[in-house]
Each structure stands twice: as C-alpha cells, then as structure tokens.
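Coordinates from target37.tsv are shown below (TSV, C-alpha atoms).
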```
chain	number	residue	atom	x	y	z
A	1	MET	CA	-33.01	-30.31	-31.90
A	2	ASN	CA	-29.72	-28.45	-31.57
A	3	TYR	CA	-30.52	-26.03	-28.77
A	4	ARG	CA	-27.71	-25.18	-26.37
A	5	SER	CA	-30.05	-24.94	-23.37
A	6	ASP	CA	-33.69	-25.31	-22.36
A	7	VAL	CA	-33.89	-21.50	-22.16
A	8	GLU	CA	-32.91	-21.23	-25.84
A	9	ALA	CA	-35.45	-23.97	-26.69
A	10	ALA	CA	-38.15	-22.11	-24.72
A	11	ASP	CA	-37.44	-18.95	-26.76
A	12	ALA	CA	-37.67	-21.03	-29.95
A	13	LEU	CA	-41.06	-22.37	-28.84
A	14	LYS	CA	-42.37	-18.85	-28.24
A	15	ALA	CA	-41.13	-17.76	-31.69
A	16	ALA	CA	-42.73	-20.83	-33.34
A	17	TYR	CA	-46.01	-20.12	-31.53
A	18	GLU	CA	-46.06	-16.53	-32.80
A	19	ALA	CA	-45.31	-17.76	-36.33
A	20	LEU	CA	-48.15	-20.31	-36.08
A	21	ARG	CA	-50.63	-17.65	-34.94
A	22	LYS	CA	-49.58	-15.44	-37.86
A	23	GLU	CA	-50.09	-18.25	-40.42
A	24	ILE	CA	-53.45	-19.31	-38.92
A	25	GLY	CA	-54.52	-15.63	-38.87
A	26	LYS	CA	-54.23	-15.55	-42.69
A	27	VAL	CA	-57.33	-17.76	-42.89
A	28	ILE	CA	-59.07	-17.48	-39.51
A	29	VAL	CA	-60.41	-14.06	-38.51
A	30	GLY	CA	-60.49	-13.44	-34.75
A	31	GLN	CA	-60.89	-16.47	-32.43
A	32	ASP	CA	-57.50	-15.59	-30.82
A	33	GLU	CA	-58.35	-17.28	-27.51
A	34	VAL	CA	-59.56	-20.45	-29.27
A	35	VAL	CA	-56.36	-20.63	-31.35
A	36	ARG	CA	-54.25	-20.14	-28.19
A	37	LEU	CA	-56.03	-22.96	-26.39
A	38	LEU	CA	-55.85	-25.36	-29.35
A	39	LEU	CA	-52.11	-24.79	-29.80
A	40	THR	CA	-51.59	-25.14	-26.03
A	41	ALA	CA	-53.37	-28.53	-26.12
A	42	ILE	CA	-51.13	-29.68	-29.00
A	43	PHE	CA	-47.94	-28.62	-27.19
A	44	CYS	CA	-49.18	-30.37	-24.01
A	45	GLN	CA	-50.04	-33.61	-25.88
A	46	GLY	CA	-53.73	-33.19	-25.06
A	47	HIS	CA	-56.98	-33.61	-26.96
A	48	CYS	CA	-59.54	-30.85	-27.46
A	49	LEU	CA	-63.33	-30.66	-27.72
A	50	LEU	CA	-64.71	-27.64	-29.61
A	51	VAL	CA	-68.31	-26.68	-28.91
A	52	GLY	CA	-70.08	-24.10	-31.04
A	53	VAL	CA	-73.09	-23.51	-33.26
A	54	PRO	CA	-72.79	-24.36	-36.99
A	55	GLY	CA	-70.98	-21.89	-39.25
A	56	LEU	CA	-68.32	-20.67	-36.80
A	57	ALA	CA	-65.47	-22.25	-38.84
A	58	LYS	CA	-64.66	-25.02	-36.34
A	59	THR	CA	-63.71	-27.43	-39.12
A	60	LEU	CA	-61.82	-24.76	-41.09
A	61	LEU	CA	-59.88	-23.77	-37.97
A	62	ILE	CA	-58.69	-27.34	-37.35
A	63	GLN	CA	-57.82	-27.86	-41.03
A	64	THR	CA	-55.82	-24.59	-41.00
A	65	ILE	CA	-53.88	-25.65	-37.88
A	66	ALA	CA	-53.13	-28.99	-39.56
A	67	SER	CA	-51.89	-27.12	-42.67
A	68	SER	CA	-49.49	-25.04	-40.54
A	69	LEU	CA	-47.91	-28.20	-39.09
A	70	ASP	CA	-46.00	-30.78	-41.13
A	71	LEU	CA	-48.32	-33.59	-39.97
A	72	THR	CA	-50.77	-36.01	-41.54
A	73	PHE	CA	-54.43	-35.08	-41.15
A	74	ASN	CA	-57.72	-36.99	-41.43
A	75	ARG	CA	-61.29	-35.83	-40.99
A	76	ILE	CA	-63.88	-38.34	-39.75
A	77	GLN	CA	-67.51	-37.28	-40.10
A	78	PHE	CA	-69.38	-38.95	-37.25
A	79	THR	CA	-72.83	-40.29	-38.18
A	80	PRO	CA	-75.32	-42.61	-36.40
A	81	ASP	CA	-74.32	-45.56	-38.65
A	82	LEU	CA	-70.54	-45.18	-38.20
A	83	MET	CA	-68.90	-48.40	-36.91
A	84	PRO	CA	-65.71	-48.74	-34.82
A	85	SER	CA	-63.98	-50.46	-37.78
A	86	ASP	CA	-64.71	-47.36	-39.93
A	87	ILE	CA	-62.38	-45.44	-37.59
A	88	LEU	CA	-59.82	-48.01	-36.47
A	89	GLY	CA	-59.55	-50.23	-39.55
A	90	SER	CA	-60.20	-53.96	-40.00
A	91	GLU	CA	-58.60	-57.27	-40.89
A	92	THR	CA	-59.22	-58.72	-44.35
A	93	LEU	CA	-58.03	-61.81	-46.19
A	94	ASP	CA	-55.35	-61.17	-48.81
A	95	GLN	CA	-54.77	-63.20	-52.00
A	96	ASN	CA	-52.81	-65.84	-50.05
A	97	ARG	CA	-55.66	-66.22	-47.53
A	98	ASN	CA	-53.65	-64.53	-44.79
A	99	PHE	CA	-55.17	-61.90	-42.55
A	100	LYS	CA	-54.02	-58.41	-43.40
A	101	PHE	CA	-54.74	-55.32	-41.32
A	102	ILE	CA	-56.09	-52.34	-43.29
A	103	LYS	CA	-55.49	-49.18	-41.28
A	104	GLY	CA	-58.43	-46.85	-40.68
A	105	PRO	CA	-58.39	-43.03	-40.72
A	106	VAL	CA	-57.36	-42.89	-37.03
A	107	PHE	CA	-53.79	-43.69	-38.17
A	108	SER	CA	-52.89	-40.05	-38.65
A	109	ASN	CA	-51.22	-37.31	-36.58
A	110	ILE	CA	-54.25	-35.01	-36.36
A	111	ILE	CA	-57.79	-36.38	-36.30
A	112	LEU	CA	-60.77	-34.10	-36.76
A	113	ALA	CA	-63.70	-35.94	-35.17
A	114	ASP	CA	-66.53	-33.89	-36.65
A	115	GLU	CA	-69.77	-33.88	-34.61
A	116	ILE	CA	-68.56	-36.62	-32.27
A	117	ASN	CA	-71.90	-36.66	-30.42
A	118	ARG	CA	-73.74	-37.87	-33.56
A	119	THR	CA	-72.41	-41.43	-33.26
A	120	PRO	CA	-73.42	-44.16	-30.73
A	121	PRO	CA	-71.29	-44.79	-27.58
A	122	LYS	CA	-69.67	-47.95	-29.02
A	123	THR	CA	-68.06	-45.96	-31.84
A	124	GLN	CA	-67.24	-43.01	-29.56
A	125	SER	CA	-65.39	-45.35	-27.17
A	126	ALA	CA	-63.34	-46.82	-30.05
A	127	LEU	CA	-61.87	-43.36	-30.68
A	128	LEU	CA	-61.51	-42.59	-26.96
A	129	GLU	CA	-59.45	-45.77	-26.45
A	130	ALA	CA	-57.06	-44.55	-29.14
A	131	MET	CA	-56.88	-41.15	-27.39
A	132	GLN	CA	-55.95	-42.75	-24.07
A	133	GLU	CA	-53.67	-45.59	-25.19
A	134	TYR	CA	-52.17	-44.05	-28.38
A	135	ALA	CA	-52.74	-47.51	-29.88
A	136	VAL	CA	-55.63	-49.67	-31.14
A	137	THR	CA	-56.20	-53.39	-30.66
A	138	ILE	CA	-57.62	-55.32	-33.64
A	139	GLY	CA	-57.92	-59.12	-33.55
A	140	GLY	CA	-55.74	-59.32	-30.44
A	141	GLN	CA	-52.92	-57.36	-32.11
A	142	LYS	CA	-51.90	-53.95	-30.77
A	143	HIS	CA	-51.11	-51.31	-33.39
A	144	GLY	CA	-49.35	-48.11	-32.28
A	145	LEU	CA	-50.58	-44.78	-33.63
A	146	PRO	CA	-48.25	-42.29	-35.32
A	147	GLN	CA	-46.73	-39.69	-33.01
A	148	PRO	CA	-47.56	-36.95	-32.26
A	149	PHE	CA	-51.27	-37.81	-32.11
A	150	PHE	CA	-54.12	-35.38	-31.37
A	151	VAL	CA	-57.88	-35.65	-31.53
A	152	LEU	CA	-59.70	-32.38	-32.10
A	153	ALA	CA	-63.42	-33.10	-31.83
A	154	THR	CA	-66.35	-30.81	-32.58
A	155	GLN	CA	-69.81	-30.81	-31.05
A	156	ASN	CA	-72.98	-28.86	-31.86
A	157	PRO	CA	-74.61	-27.62	-28.62
A	158	ILE	CA	-78.00	-26.75	-30.14
A	159	GLU	CA	-79.30	-29.79	-32.00
A	160	GLN	CA	-79.93	-32.57	-29.48
A	161	GLU	CA	-82.21	-34.76	-31.62
A	162	GLY	CA	-80.39	-37.85	-32.87
A	163	THR	CA	-77.30	-37.20	-30.74
A	164	TYR	CA	-75.51	-39.29	-28.12
A	165	PRO	CA	-73.99	-36.98	-25.47
A	166	LEU	CA	-70.50	-38.02	-24.37
A	167	PRO	CA	-70.51	-39.64	-20.89
A	168	GLU	CA	-68.62	-37.76	-18.15
A	169	ALA	CA	-65.84	-40.38	-18.02
A	170	GLN	CA	-65.24	-39.94	-21.75
A	171	LEU	CA	-65.37	-36.14	-21.58
A	172	ASP	CA	-62.61	-36.34	-18.95
A	173	ARG	CA	-60.25	-37.69	-21.66
A	174	PHE	CA	-60.25	-34.27	-23.32
A	175	MET	CA	-57.74	-31.81	-21.89
A	176	PHE	CA	-59.88	-28.81	-22.93
A	177	MET	CA	-63.44	-28.03	-23.79
A	178	VAL	CA	-63.27	-24.86	-25.89
A	179	THR	CA	-66.41	-22.86	-26.61
A	180	LEU	CA	-66.66	-20.76	-29.78
A	181	ASP	CA	-68.77	-17.63	-29.83
A	182	TYR	CA	-70.15	-15.50	-32.66
A	183	PRO	CA	-67.65	-13.04	-34.24
A	184	SER	CA	-67.88	-9.31	-33.54
A	185	TYR	CA	-69.37	-6.97	-36.18
A	186	GLU	CA	-65.91	-5.93	-37.47
A	187	GLU	CA	-64.70	-9.54	-37.57
A	188	GLU	CA	-67.78	-10.70	-39.47
A	189	VAL	CA	-67.29	-7.94	-42.06
A	190	ARG	CA	-63.70	-9.15	-42.59
A	191	ILE	CA	-64.86	-12.80	-42.78
A	192	VAL	CA	-67.42	-11.99	-45.47
A	193	GLN	CA	-64.92	-9.89	-47.47
A	194	GLN	CA	-62.28	-12.63	-47.23
A	195	THR	CA	-64.52	-15.59	-48.09
A	196	THR	CA	-66.43	-14.05	-50.98
A	197	SER	CA	-63.40	-12.96	-53.02
A	198	GLU	CA	-61.35	-15.11	-55.39
A	199	THR	CA	-58.07	-14.77	-53.46
A	200	LYS	CA	-57.10	-17.73	-51.29
A	201	GLU	CA	-54.44	-17.45	-48.63
A	202	LYS	CA	-51.80	-20.19	-48.53
A	203	VAL	CA	-50.70	-21.32	-45.07
A	204	ALA	CA	-47.01	-22.14	-44.64
A	205	GLN	CA	-45.82	-25.08	-42.53
A	206	VAL	CA	-44.10	-23.86	-39.36
A	207	LEU	CA	-43.31	-26.97	-37.30
A	208	THR	CA	-42.55	-30.65	-37.98
A	209	GLY	CA	-43.76	-33.60	-35.91
A	210	GLU	CA	-40.25	-34.06	-34.50
A	211	GLN	CA	-40.14	-30.45	-33.29
A	212	ILE	CA	-43.57	-30.73	-31.68
A	213	GLN	CA	-42.50	-33.86	-29.78
A	214	TYR	CA	-39.35	-32.07	-28.61
A	215	PHE	CA	-41.39	-29.10	-27.32
A	216	GLN	CA	-43.82	-31.49	-25.58
A	217	GLN	CA	-40.90	-32.91	-23.59
A	218	LEU	CA	-39.51	-29.40	-22.96
A	219	ILE	CA	-42.81	-28.30	-21.37
A	220	ARG	CA	-42.68	-31.25	-18.97
A	221	ARG	CA	-39.19	-30.14	-17.85
A	222	VAL	CA	-40.39	-26.64	-16.88
A	223	PRO	CA	-39.94	-26.15	-13.11
A	224	VAL	CA	-43.01	-25.27	-11.00
A	225	THR	CA	-42.99	-23.84	-7.48
A	226	ASN	CA	-44.95	-25.65	-4.76
A	227	ASN	CA	-47.37	-22.76	-4.22
A	228	VAL	CA	-48.51	-22.95	-7.88
A	229	VAL	CA	-49.12	-26.72	-7.67
A	230	GLU	CA	-50.96	-26.25	-4.36
A	231	TYR	CA	-53.12	-23.48	-5.89
A	232	ALA	CA	-54.11	-25.73	-8.84
A	233	VAL	CA	-54.96	-28.68	-6.56
A	234	ARG	CA	-56.89	-26.43	-4.15
A	235	LEU	CA	-58.89	-24.97	-7.06
A	236	VAL	CA	-59.87	-28.46	-8.28
A	237	GLN	CA	-60.73	-29.64	-4.75
A	238	LYS	CA	-63.00	-26.61	-4.30
A	239	THR	CA	-65.18	-27.95	-7.15
A	240	ARG	CA	-66.10	-31.11	-5.20
A	241	PRO	CA	-69.40	-30.42	-3.40
A	242	HIS	CA	-69.74	-31.34	0.29
A	243	SER	CA	-66.07	-32.33	0.58
A	244	ALA	CA	-63.74	-30.88	3.23
A	245	GLU	CA	-62.24	-28.38	0.74
A	246	ALA	CA	-65.48	-27.52	-1.10
A	247	ALA	CA	-66.22	-23.86	-1.80
A	248	GLN	CA	-69.72	-22.45	-1.23
A	249	PRO	CA	-70.53	-22.08	-4.99
A	250	ALA	CA	-69.75	-25.82	-5.41
A	251	ASN	CA	-72.02	-26.80	-2.52
A	252	ASP	CA	-74.79	-24.57	-3.90
A	253	TYR	CA	-74.62	-25.29	-7.61
A	254	LEU	CA	-72.64	-28.48	-8.38
A	255	GLU	CA	-73.68	-32.11	-8.45
A	256	TRP	CA	-70.19	-33.40	-9.16
A	257	GLY	CA	-66.66	-31.96	-9.13
A	258	ALA	CA	-63.48	-32.46	-11.15
A	259	GLY	CA	-61.01	-35.31	-10.62
A	260	PRO	CA	-57.18	-35.38	-10.42
A	261	ARG	CA	-56.86	-35.24	-14.24
A	262	ALA	CA	-58.00	-31.62	-13.98
A	263	SER	CA	-55.15	-30.79	-11.55
A	264	GLN	CA	-52.63	-32.43	-13.91
A	265	ALA	CA	-54.02	-30.51	-16.91
A	266	LEU	CA	-53.94	-27.18	-15.02
A	267	ILE	CA	-50.24	-27.54	-14.19
A	268	LEU	CA	-49.20	-28.85	-17.61
A	269	THR	CA	-51.05	-26.07	-19.45
A	270	ALA	CA	-49.76	-23.45	-16.98
A	271	LYS	CA	-46.20	-24.53	-17.87
A	272	CYS	CA	-47.01	-24.16	-21.57
A	273	ASN	CA	-48.72	-20.80	-21.06
A	274	ALA	CA	-45.65	-19.51	-19.22
A	275	LEU	CA	-43.31	-20.43	-22.10
A	276	LEU	CA	-45.66	-18.98	-24.73
A	277	THR	CA	-45.71	-15.65	-22.89
A	278	GLY	CA	-41.93	-15.47	-22.44
A	279	LYS	CA	-41.64	-16.75	-18.84
A	280	TYR	CA	-39.56	-19.75	-17.81
A	281	SER	CA	-41.73	-20.89	-14.88
A	282	PRO	CA	-45.51	-20.60	-14.38
A	283	ASP	CA	-47.22	-18.53	-11.70
A	284	ILE	CA	-50.77	-18.59	-10.32
A	285	GLU	CA	-51.96	-16.31	-13.14
A	286	ASP	CA	-50.94	-18.98	-15.71
A	287	VAL	CA	-53.17	-21.54	-13.94
A	288	GLY	CA	-56.12	-19.16	-14.27
A	289	GLN	CA	-55.51	-18.69	-18.02
A	290	THR	CA	-56.74	-22.20	-18.87
A	291	ALA	CA	-58.94	-22.96	-15.81
A	292	LYS	CA	-62.30	-22.58	-17.59
A	293	ALA	CA	-61.28	-24.74	-20.57
A	294	VAL	CA	-59.90	-27.42	-18.22
A	295	LEU	CA	-62.83	-27.48	-15.77
A	296	ARG	CA	-66.01	-26.70	-17.74
A	297	HIS	CA	-66.53	-30.28	-18.99
A	298	ARG	CA	-65.41	-31.93	-15.74
A	299	ILE	CA	-68.00	-30.43	-13.38
A	300	VAL	CA	-71.74	-31.13	-13.40
A	301	ARG	CA	-74.32	-28.51	-12.43
A	302	ASN	CA	-77.21	-29.44	-10.15
A	303	PHE	CA	-80.90	-28.66	-10.65
A	304	LYS	CA	-80.66	-25.41	-8.66
A	305	ALA	CA	-77.96	-24.03	-10.99
A	306	GLU	CA	-80.00	-24.93	-14.07
A	307	ALA	CA	-83.18	-23.46	-12.59
A	308	GLU	CA	-81.43	-20.18	-11.72
A	309	GLY	CA	-79.60	-20.03	-15.08
A	310	ILE	CA	-76.13	-20.18	-13.50
A	311	SER	CA	-73.67	-21.34	-16.17
A	312	VAL	CA	-70.64	-23.57	-15.64
A	313	ASP	CA	-68.34	-20.68	-16.58
A	314	GLN	CA	-69.99	-18.43	-13.96
A	315	ILE	CA	-69.43	-21.08	-11.28
A	316	ILE	CA	-65.75	-21.45	-12.27
A	317	GLY	CA	-65.41	-17.65	-12.23
A	318	ARG	CA	-66.69	-17.58	-8.63
A	319	LEU	CA	-64.31	-20.36	-7.63
A	320	LEU	CA	-61.36	-18.46	-9.15
```

Please re-express this file's structure in structure tokens.
Amino acid sequence: MNYRSDVEAADALKAAYEALRKEIGKVIVGQDEVVRLLLTAIFCQGHCLLVGVPGLAKTLLIQTIASSLDLTFNRIQFTPDLMPSDILGSETLDQNRNFKFIKGPVFSNIILADEINRTPPKTQSALLEAMQEYAVTIGGQKHGLPQPFFVLATQNPIEQEGTYPLPEAQLDRFMFMVTLDYPSYEEEVRIVQQTTSETKEKVAQVLTGEQIQYFQQLIRRVPVTNNVVEYAVRLVQKTRPHSAEAAQPANDYLEWGAGPRASQALILTAKCNALLTGKYSPDIEDVGQTAKAVLRHRIVRNFKAEAEGISVDQIIGRLL
C-alpha cells in the first residue's frame, strides 16, 4: 500500500469501513452493531461466533460481507454425519498410484460454519485447529491456508436436541460471540418490503485480501497507553471468582472467569475501534465497546445466577 504515513493509512481504513457499511446496508437492514463487530473481528484477524434464532439473516449477513470483500468464500453446513475430511480434504490415489491431496472447503478466505454445534466434537476440533494454526495437517503433511483467513460460525440457541455444545476451550478460540436480536417494527417492515420485491441490490467489492492484511498489521502498530492496558487486564481479572482481583458480581454469580486471551482481544479490538471512529490511539471507552462480545463466551455462570435469571451480559455490565 502506498500510504505516506500510518496516520494516512488509518484514515484510509476508516473510509474503507464506512464504504463497507454502506455496501452491506444495501442488503442487510439494521444490525449495525453486529456489522461493526464482524468487521472489527476481520480487521483484527479474529474469528466470530454468531448466536441467534433462525430467520435473523445470519447466513445472508456473512455472505453479504464476503461479497463486499475481494475474497474467496465457502459455506459449510454442519450436520451430525459431517466428517473432518469433509472440511479439511483428503488424500486420494491418482492415475499413477501416487497420493494426491484434494483440498476441502476450508481452503478459502472466509468460511461460514453454519450451525457449528450440530456436528460432533471430532469434526468441530478439525475446524478449530485450522482457526488456531492457519494450517491443516493431512497424512503428516502440513498445508497452509490462504490468507487472510476467517471463520464466521453460526449457532442456534433454542434447539438443543441433536446438538453438541462447543467446549469452553474451543469457544475461547473465537474472538467474539455476537448475539443477534429481533429487528424493530420499522426494520421488519423494510425487510419485508425489500425481500418480497423483484429488485435485488448488488454489493460492490470494497477491499482486497492484500489491503485487509495491510490494515491488520496497521492495527497492531497502534500505540496504547499503559492505563488502557491496565484497565483491560483489570476488567478480565475481575471476572475470575475468588481470586485476589475478583469483583463481587464474579464471586456471586460466576463459576469460571476469562483467561489472558480475553485481555489480548480487548486491547486489539480497542485499537481497531479507535481507528474506525477517527482516533489514533484507544482509550478506556474503546475497551468497553467490545467487552461484552469478548467476554460473554469466556465466563461461566454458576447455579445461583441461573436460578435468579442473571444473564452473562448483566454480569459483564456490572463488572464494567
């Protein structure tokens, strides 16, 4: 990229972000906060888990984001009979009786893992290895994945029959857990008008893979003051019940707190949030902007919280 300075590059990132939101808004009505968090995860080289009831356009949203970026895209529908080789690929014998590796759908820039909790842990872990290592190992050979690489997974929170909930250690691999809610009355009217007419909006491509990788490195170069880092670490430590730094809501309502990955995610996403809002260094407010999405899948409520109907988001709100 031919930017004269990081400041100029930061301004270009903000402009690209606004252009992306505009293109996505042609197809997706509302869901501004969800779009912000998904784009933040992409710019921070993180993976995202979307949780929402059926019919809230989770799949359409991810497909629209993929359309606005000049990247390859694959959708994998997770089912109980899906095998690791169906995701990663497998070795087969060619005409000369030599082993040949046939790449699976994971070899793409953006992966939509639809209903990830519908498949057994063995297949889930095959994808999660790719998320962590950015490579897959087949027959002792390591195969690198195309860069940039993102997994955007969806999960249905209602239907628990025939599902395999993701273990805590695997959930921790996701930078964000984003919850989708029902649209407002006005938004639903617009959705119905838009989706029942014959006109189809075309989404223009805004960024290339090379530009995204450049902006990912730019975000890591953003300076952060010590007090912001200390605030993020203190917030995460407050989630750990019965530790020296634990806050009262954690002692009362949590079984388990967040690990250091949460602190790293808070700072990285605070840097991104600062650039997207026109600042060149994050403050404490930027940490709070992504705190719920970073923490909600990394803390575990205890029986008392469940009995009293205290949600994870309410606990995080009290900690903030």

Quiz item: Counting only C-alpha atoms, what is within 12 Å of A:Arg118, bar same-chain residues fewer than 2 positions away, as a list in words?
Solution: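 Non-adjacent residues within range: Ile76, Gln77, Phe78, Thr79, Pro80, Asp81, Leu82, Ala113, Asp114, Glu115, Ile116, Pro120, Pro121, Lys122, Thr123, Gln124, Ala153, Thr154, Gln155, Asn156, Pro157, Glu159, Gln160, Glu161, Gly162, Thr163, Tyr164, Pro165 and Leu166 of chain A.
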
Selection: 9 Å around stretch 169-171 of chain A, all atoms listed in the file, excl. self and same-chain fewer than 4 positions, as a compact mmCIF listing (two decimals) with C-alpha atoms, keeping the file's coordinate frame:
```
# COMPACT_ATOMS: atom_id res chain seq x y z
CA LEU A 49 -63.33 -30.66 -27.72
CA GLN A 124 -67.24 -43.01 -29.56
CA SER A 125 -65.39 -45.35 -27.17
CA LEU A 128 -61.51 -42.59 -26.96
CA MET A 175 -57.74 -31.81 -21.89
CA MET A 177 -63.44 -28.03 -23.79
CA HIS A 297 -66.53 -30.28 -18.99
CA ARG A 298 -65.41 -31.93 -15.74
```

Quiz item: Which of these residues is nearest to A:Val51, using only C-alpha atoms: A:Tyr214, A:Tyr182, A:Tyr231, A:Phe149?
Solution: A:Tyr182

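Of note, atom CA of A:Thr239 and atom CA of A:Lys271 are spaced 22.1 Å apart.
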
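Within 9 Å of A:Leu39, once all atoms listed in the file are used and residues closer than 6 positions along the same chain are dropped, the contacting residues are Tyr17, Leu20, Arg21 and Ile65 of chain A.
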
Quiz item: Separation of atom CA of A:Lys103 and atom CA of A:Ile87, in Å?
Solution: 8.7 Å

Self-check item: atom CA of A:Glu187 to atom CA of A:Ser68, distance in Å rounded to a single decimal
Solution: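 The value is 21.9 Å.
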
Practice problem: Write out as a PyMOL selection string the residues lying within 10 Å of A:Phe99, counting all atoms listed in the file and excluding same-chain residues fewer than 6 positions away. | Solution: chain A and resi 90-93+139

Quiz prompt | Residue among A:Ala9, A:Val151, A:Leu61, A:Ile28 lying closest to A:Val192, counting all atoms listed in the file | solution = A:Ile28

Find the residues of stretch 146-172 of chain A that sit at most 10 Å from stretch 209-213 of chain A; for each, write down the nearest two atoms and how far apart they are in Å, to one decimal. Count only C-alpha atoms. Sort by chain, then by number going up, and give it as a tab-separated table.
```
residue	atom	partner	partner_atom	distance
A:Pro146	CA	A:Gly209	CA	9.8
A:Gln147	CA	A:Gly209	CA	7.4
A:Pro148	CA	A:Gly209	CA	6.2
A:Phe149	CA	A:Gly209	CA	9.4
```

Quiz item: Which of these, A:Gln237, A:Asn2, A:Thr40, A:Thr196, has the shortest distance to A:Ala270 once you count all atoms listed in the file?
Solution: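 Closest to A:Ala270 of all the choices is A:Thr40.
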
Tell me which protein, DNA and RNA residues are within 12 Å of A:Gln248, counting all atoms listed in the file, leaving out same-chain ones fewer than 3 positions away, and put them as a PDB file with C-alpha atoms, in the coordinates of the input.
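Result file is selection_28.pdb:
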```
ATOM      1  CA  LYS A 238     -63.000 -26.610  -4.300  1.00  0.00           C
ATOM      2  CA  THR A 239     -65.180 -27.950  -7.150  1.00  0.00           C
ATOM      3  CA  ARG A 240     -66.100 -31.110  -5.200  1.00  0.00           C
ATOM      4  CA  PRO A 241     -69.400 -30.420  -3.400  1.00  0.00           C
ATOM      5  CA  HIS A 242     -69.740 -31.340   0.290  1.00  0.00           C
ATOM      6  CA  SER A 243     -66.070 -32.330   0.580  1.00  0.00           C
ATOM      7  CA  ALA A 244     -63.740 -30.880   3.230  1.00  0.00           C
ATOM      8  CA  GLU A 245     -62.240 -28.380   0.740  1.00  0.00           C
ATOM      9  CA  ASN A 251     -72.020 -26.800  -2.520  1.00  0.00           C
ATOM     10  CA  ASP A 252     -74.790 -24.570  -3.900  1.00  0.00           C
ATOM     11  CA  TYR A 253     -74.620 -25.290  -7.610  1.00  0.00           C
ATOM     12  CA  LEU A 254     -72.640 -28.480  -8.380  1.00  0.00           C
ATOM     13  CA  ILE A 315     -69.430 -21.080 -11.280  1.00  0.00           C
ATOM     14  CA  ILE A 316     -65.750 -21.450 -12.270  1.00  0.00           C
ATOM     15  CA  ARG A 318     -66.690 -17.580  -8.630  1.00  0.00           C
ATOM     16  CA  LEU A 319     -64.310 -20.360  -7.630  1.00  0.00           C
TER      17      LEU A 319
END
```

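Among the candidates A:Glu133, A:Asp11, A:Glu285, A:Glu33, the residue lying nearest to A:Ile267 is A:Glu285 (atoms considered: all atoms listed in the file).
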
Would you mind putting back N, CA and C atoms on stretch 229-246 of chain A, then writing it out as a short mmCIF file (atom, residue, chain, number, x, y, z; two decimals), keeping the file's coordinate frame?
```cif
data_model
loop_
_atom_site.label_atom_id
_atom_site.label_comp_id
_atom_site.auth_asym_id
_atom_site.auth_seq_id
_atom_site.Cartn_x
_atom_site.Cartn_y
_atom_site.Cartn_z
N VAL A 229 -48.51 -25.38 -7.66
CA VAL A 229 -49.12 -26.72 -7.67
C VAL A 229 -50.24 -26.77 -6.63
N GLU A 230 -49.96 -26.23 -5.44
CA GLU A 230 -50.96 -26.25 -4.36
C GLU A 230 -52.20 -25.43 -4.75
N TYR A 231 -51.99 -24.31 -5.44
CA TYR A 231 -53.12 -23.48 -5.89
C TYR A 231 -54.00 -24.26 -6.87
N ALA A 232 -53.36 -24.95 -7.84
CA ALA A 232 -54.11 -25.73 -8.84
C ALA A 232 -54.91 -26.85 -8.18
N VAL A 233 -54.29 -27.57 -7.25
CA VAL A 233 -54.96 -28.68 -6.56
C VAL A 233 -56.10 -28.14 -5.69
N ARG A 234 -55.85 -27.02 -5.01
CA ARG A 234 -56.89 -26.43 -4.15
C ARG A 234 -58.09 -26.00 -4.99
N LEU A 235 -57.82 -25.42 -6.17
CA LEU A 235 -58.89 -24.97 -7.06
C LEU A 235 -59.76 -26.15 -7.48
N VAL A 236 -59.12 -27.26 -7.86
CA VAL A 236 -59.87 -28.46 -8.28
C VAL A 236 -60.65 -29.04 -7.11
N GLN A 237 -60.05 -29.08 -5.92
CA GLN A 237 -60.73 -29.64 -4.75
C GLN A 237 -61.94 -28.79 -4.36
N LYS A 238 -61.87 -27.50 -4.62
CA LYS A 238 -63.00 -26.61 -4.30
C LYS A 238 -64.23 -26.92 -5.15
N THR A 239 -64.04 -27.64 -6.27
CA THR A 239 -65.18 -27.95 -7.15
C THR A 239 -65.97 -29.16 -6.65
N ARG A 240 -65.47 -29.86 -5.64
CA ARG A 240 -66.10 -31.11 -5.20
C ARG A 240 -67.09 -30.83 -4.08
N PRO A 241 -68.40 -30.82 -4.40
CA PRO A 241 -69.40 -30.42 -3.40
C PRO A 241 -69.41 -31.32 -2.17
N HIS A 242 -69.60 -30.67 -1.01
CA HIS A 242 -69.74 -31.34 0.29
C HIS A 242 -68.49 -32.12 0.70
N SER A 243 -67.34 -31.77 0.11
CA SER A 243 -66.07 -32.33 0.58
C SER A 243 -65.46 -31.34 1.58
N ALA A 244 -64.37 -31.74 2.22
CA ALA A 244 -63.74 -30.88 3.23
C ALA A 244 -63.26 -29.56 2.64
N GLU A 245 -62.81 -29.58 1.37
CA GLU A 245 -62.24 -28.38 0.74
C GLU A 245 -63.26 -27.61 -0.11
N ALA A 246 -64.49 -28.10 -0.17
CA ALA A 246 -65.48 -27.52 -1.10
C ALA A 246 -65.73 -26.04 -0.82
#
```
